[in-house]
>>> print(open('run.cif').read())   # mmCIF, C-alpha atoms, pLDDT in the B column; chains and numbers go by the auth columns
data_entry
#
loop_
_atom_site.group_PDB
_atom_site.id
_atom_site.type_symbol
_atom_site.label_atom_id
_atom_site.label_comp_id
_atom_site.label_asym_id
_atom_site.label_seq_id
_atom_site.Cartn_x
_atom_site.Cartn_y
_atom_site.Cartn_z
_atom_site.B_iso_or_equiv
_atom_site.auth_seq_id
_atom_site.auth_asym_id
ATOM 1 C CA MET A 1 3.857 -8.196 17.177 73.00 1 A
ATOM 2 C CA ASP A 2 2.782 -5.994 20.016 90.00 2 A
ATOM 3 C CA ALA A 3 -0.840 -4.787 19.987 91.00 3 A
ATOM 4 C CA SER A 4 0.232 -1.156 20.303 93.00 4 A
ATOM 5 C CA LEU A 5 2.618 -1.522 17.359 94.00 5 A
ATOM 6 C CA ALA A 6 -0.146 -3.078 15.254 94.00 6 A
ATOM 7 C CA LEU A 7 -2.444 -0.192 16.204 95.00 7 A
ATOM 8 C CA GLN A 8 0.217 2.321 15.140 96.00 8 A
ATOM 9 C CA TYR A 9 0.648 0.567 11.794 97.00 9 A
ATOM 10 C CA GLY A 10 -3.109 0.575 11.302 96.00 10 A
ATOM 11 C CA ILE A 11 -3.395 4.294 12.004 97.00 11 A
ATOM 12 C CA ILE A 12 -0.511 5.068 9.662 97.00 12 A
ATOM 13 C CA ALA A 13 -2.060 2.923 6.923 97.00 13 A
ATOM 14 C CA ILE A 14 -5.367 4.766 7.255 97.00 14 A
ATOM 15 C CA ALA A 15 -3.578 8.133 7.120 97.00 15 A
ATOM 16 C CA VAL A 16 -1.689 7.106 3.963 97.00 16 A
ATOM 17 C CA VAL A 17 -4.869 5.908 2.219 96.00 17 A
ATOM 18 C CA VAL A 18 -6.756 9.104 3.109 96.00 18 A
ATOM 19 C CA SER A 19 -3.834 11.254 1.943 97.00 19 A
ATOM 20 C CA ALA A 20 -3.589 9.362 -1.340 95.00 20 A
ATOM 21 C CA TRP A 21 -7.341 9.776 -1.895 92.00 21 A
ATOM 22 C CA VAL A 22 -7.137 13.551 -1.322 94.00 22 A
ATOM 23 C CA VAL A 23 -4.217 13.891 -3.750 95.00 23 A
ATOM 24 C CA LEU A 24 -6.009 11.803 -6.388 92.00 24 A
ATOM 25 C CA LYS A 25 -9.172 13.895 -6.095 90.00 25 A
ATOM 26 C CA LYS A 26 -7.191 17.139 -6.363 94.00 26 A
ATOM 27 C CA GLN A 27 -4.809 16.161 -9.166 95.00 27 A
ATOM 28 C CA PHE A 28 -6.955 13.779 -11.238 93.00 28 A
ATOM 29 C CA PRO A 29 -10.641 14.688 -10.782 92.00 29 A
ATOM 30 C CA GLY A 30 -11.780 13.279 -14.152 92.00 30 A
ATOM 31 C CA PRO A 31 -10.329 9.770 -13.788 92.00 31 A
ATOM 32 C CA VAL A 32 -11.454 9.580 -10.146 91.00 32 A
ATOM 33 C CA ARG A 33 -15.004 10.486 -11.194 92.00 33 A
ATOM 34 C CA LYS A 34 -14.969 7.855 -13.951 93.00 34 A
ATOM 35 C CA ALA A 35 -13.648 5.232 -11.524 92.00 35 A
ATOM 36 C CA ARG A 36 -16.358 6.061 -8.977 92.00 36 A
ATOM 37 C CA ILE A 37 -19.016 5.753 -11.688 93.00 37 A
ATOM 38 C CA ALA A 38 -17.563 2.424 -12.849 94.00 38 A
ATOM 39 C CA LEU A 39 -17.636 1.107 -9.281 92.00 39 A
ATOM 40 C CA ALA A 40 -21.132 2.405 -8.502 93.00 40 A
ATOM 41 C CA LEU A 41 -23.029 1.332 -11.642 93.00 41 A
ATOM 42 C CA PRO A 42 -22.956 -2.430 -11.025 94.00 42 A
ATOM 43 C CA LEU A 43 -24.161 -1.865 -7.468 93.00 43 A
ATOM 44 C CA LEU A 44 -27.100 0.277 -8.588 92.00 44 A
ATOM 45 C CA ARG A 45 -28.623 -2.246 -10.994 92.00 45 A
ATOM 46 C CA GLU A 46 -32.107 -3.539 -10.325 92.00 46 A
ATOM 47 C CA GLY A 47 -32.267 -6.759 -8.401 93.00 47 A
ATOM 48 C CA ARG A 48 -29.369 -5.883 -6.125 92.00 48 A
ATOM 49 C CA ALA A 49 -29.775 -5.997 -2.370 93.00 49 A
ATOM 50 C CA ALA A 50 -30.765 -2.774 -0.641 94.00 50 A
ATOM 51 C CA TRP A 51 -27.391 -2.471 1.088 94.00 51 A
ATOM 52 C CA GLN A 52 -25.595 -2.811 -2.262 94.00 52 A
ATOM 53 C CA GLN A 53 -27.701 -0.068 -3.815 93.00 53 A
ATOM 54 C CA LYS A 54 -27.110 2.149 -0.788 95.00 54 A
ATOM 55 C CA LEU A 55 -23.356 1.551 -1.098 93.00 55 A
ATOM 56 C CA GLY A 56 -23.560 2.346 -4.816 93.00 56 A
ATOM 57 C CA ARG A 57 -25.324 5.647 -4.113 93.00 57 A
ATOM 58 C CA TRP A 58 -22.658 6.474 -1.526 93.00 58 A
ATOM 59 C CA ILE A 59 -19.817 5.709 -3.981 91.00 59 A
ATOM 60 C CA ALA A 60 -21.408 7.489 -6.952 91.00 60 A
ATOM 61 C CA PRO A 61 -20.256 11.075 -7.496 89.00 61 A
ATOM 62 C CA ALA A 62 -22.755 13.884 -7.209 87.00 62 A
ATOM 63 C CA GLY A 63 -24.545 14.716 -10.421 82.00 63 A
ATOM 64 C CA SER A 64 -23.315 17.717 -12.323 71.00 64 A
ATOM 65 C CA SER A 65 -25.968 20.146 -13.398 64.00 65 A
ATOM 66 C CA VAL A 66 -25.063 22.284 -16.370 59.00 66 A
ATOM 67 C CA ASP A 67 -27.123 25.245 -17.484 56.00 67 A
ATOM 68 C CA ALA A 68 -27.706 24.736 -21.208 56.00 68 A
ATOM 69 C CA ALA A 69 -27.911 28.479 -21.884 60.00 69 A
ATOM 70 C CA CYS A 70 -24.602 29.102 -20.186 61.00 70 A
ATOM 71 C CA GLY A 71 -22.457 26.496 -21.896 57.00 71 A
ATOM 72 C CA GLY A 72 -21.290 24.864 -18.700 57.00 72 A
ATOM 73 C CA CYS A 73 -18.300 26.915 -17.606 62.00 73 A
ATOM 74 C CA SER A 74 -20.179 28.296 -14.575 59.00 74 A
ATOM 75 C CA GLY A 75 -17.932 31.328 -14.667 62.00 75 A
ATOM 76 C CA CYS A 76 -20.283 33.838 -16.201 66.00 76 A
ATOM 77 C CA GLY A 77 -21.792 36.693 -14.295 60.00 77 A
ATOM 78 C CA PRO A 78 -23.053 40.181 -14.959 62.00 78 A
ATOM 79 C CA ASP A 79 -21.373 42.008 -17.787 56.00 79 A
ATOM 80 C CA LYS A 80 -18.852 44.415 -16.219 56.00 80 A
ATOM 81 C CA ARG A 81 -17.904 46.320 -19.374 57.00 81 A
ATOM 82 C CA GLY A 82 -19.781 49.367 -18.202 49.00 82 A
#
>>> encode(input="run.cif", output="structure tokens")
Amino acid sequence: MDASLALQYGIIAIAVVVSAWVVLKKQFPGPVRKARIALALPLLREGRAAWQQKLGRWIAPAGSSVDAACGGCSGCGPDKRG
């Protein structure tokens, strides 16, 4: 196989993986979050190498902060009923 053809296949493969990741995040945010947590937790355990813990922190989704008084919908604002 030609080197340029292999490079083209590599670029296309990367584009397909990135596109699939974007679609998964948009269409299935809950399962993607659970999968990221399941992948990150074993890497974050004590006794793991520093690079493994760093990778686990990179994989882990950002924490979600929910205001207890609000109920968590984050859609409330000032009352506009006049």
>>> resolve_selection(input="run.cif", expression="the PyMOL selection byres ((chain A and resi 40) around 10)", output="ChimeraX atom specification")
/A:34-39,41-45,52-61
>>> atom_distance(input="run.cif", atom1="CA of Ile12 in chain A", atom2="CA of Leu24 in chain A")
18.3 Å
>>> atom_distance(input="run.cif", atom1="CA of Val18 in chain A", atom2="CA of Trp51 in chain A")
23.7 Å
>>> atom_distance(input="run.cif", atom1="CA of Val32 in chain A", atom2="CA of Ala13 in chain A")
20.6 Å
>>> axis_aligned_box(input="run.cif", around="range 18-23 of chain A", padding_each_side="3 Å", output="AutoDock Vina command-line options")
--center_x -5.5 --center_y 11.5 --center_z -0.3 --size_x 9.8 --size_y 10.8 --size_z 12.9
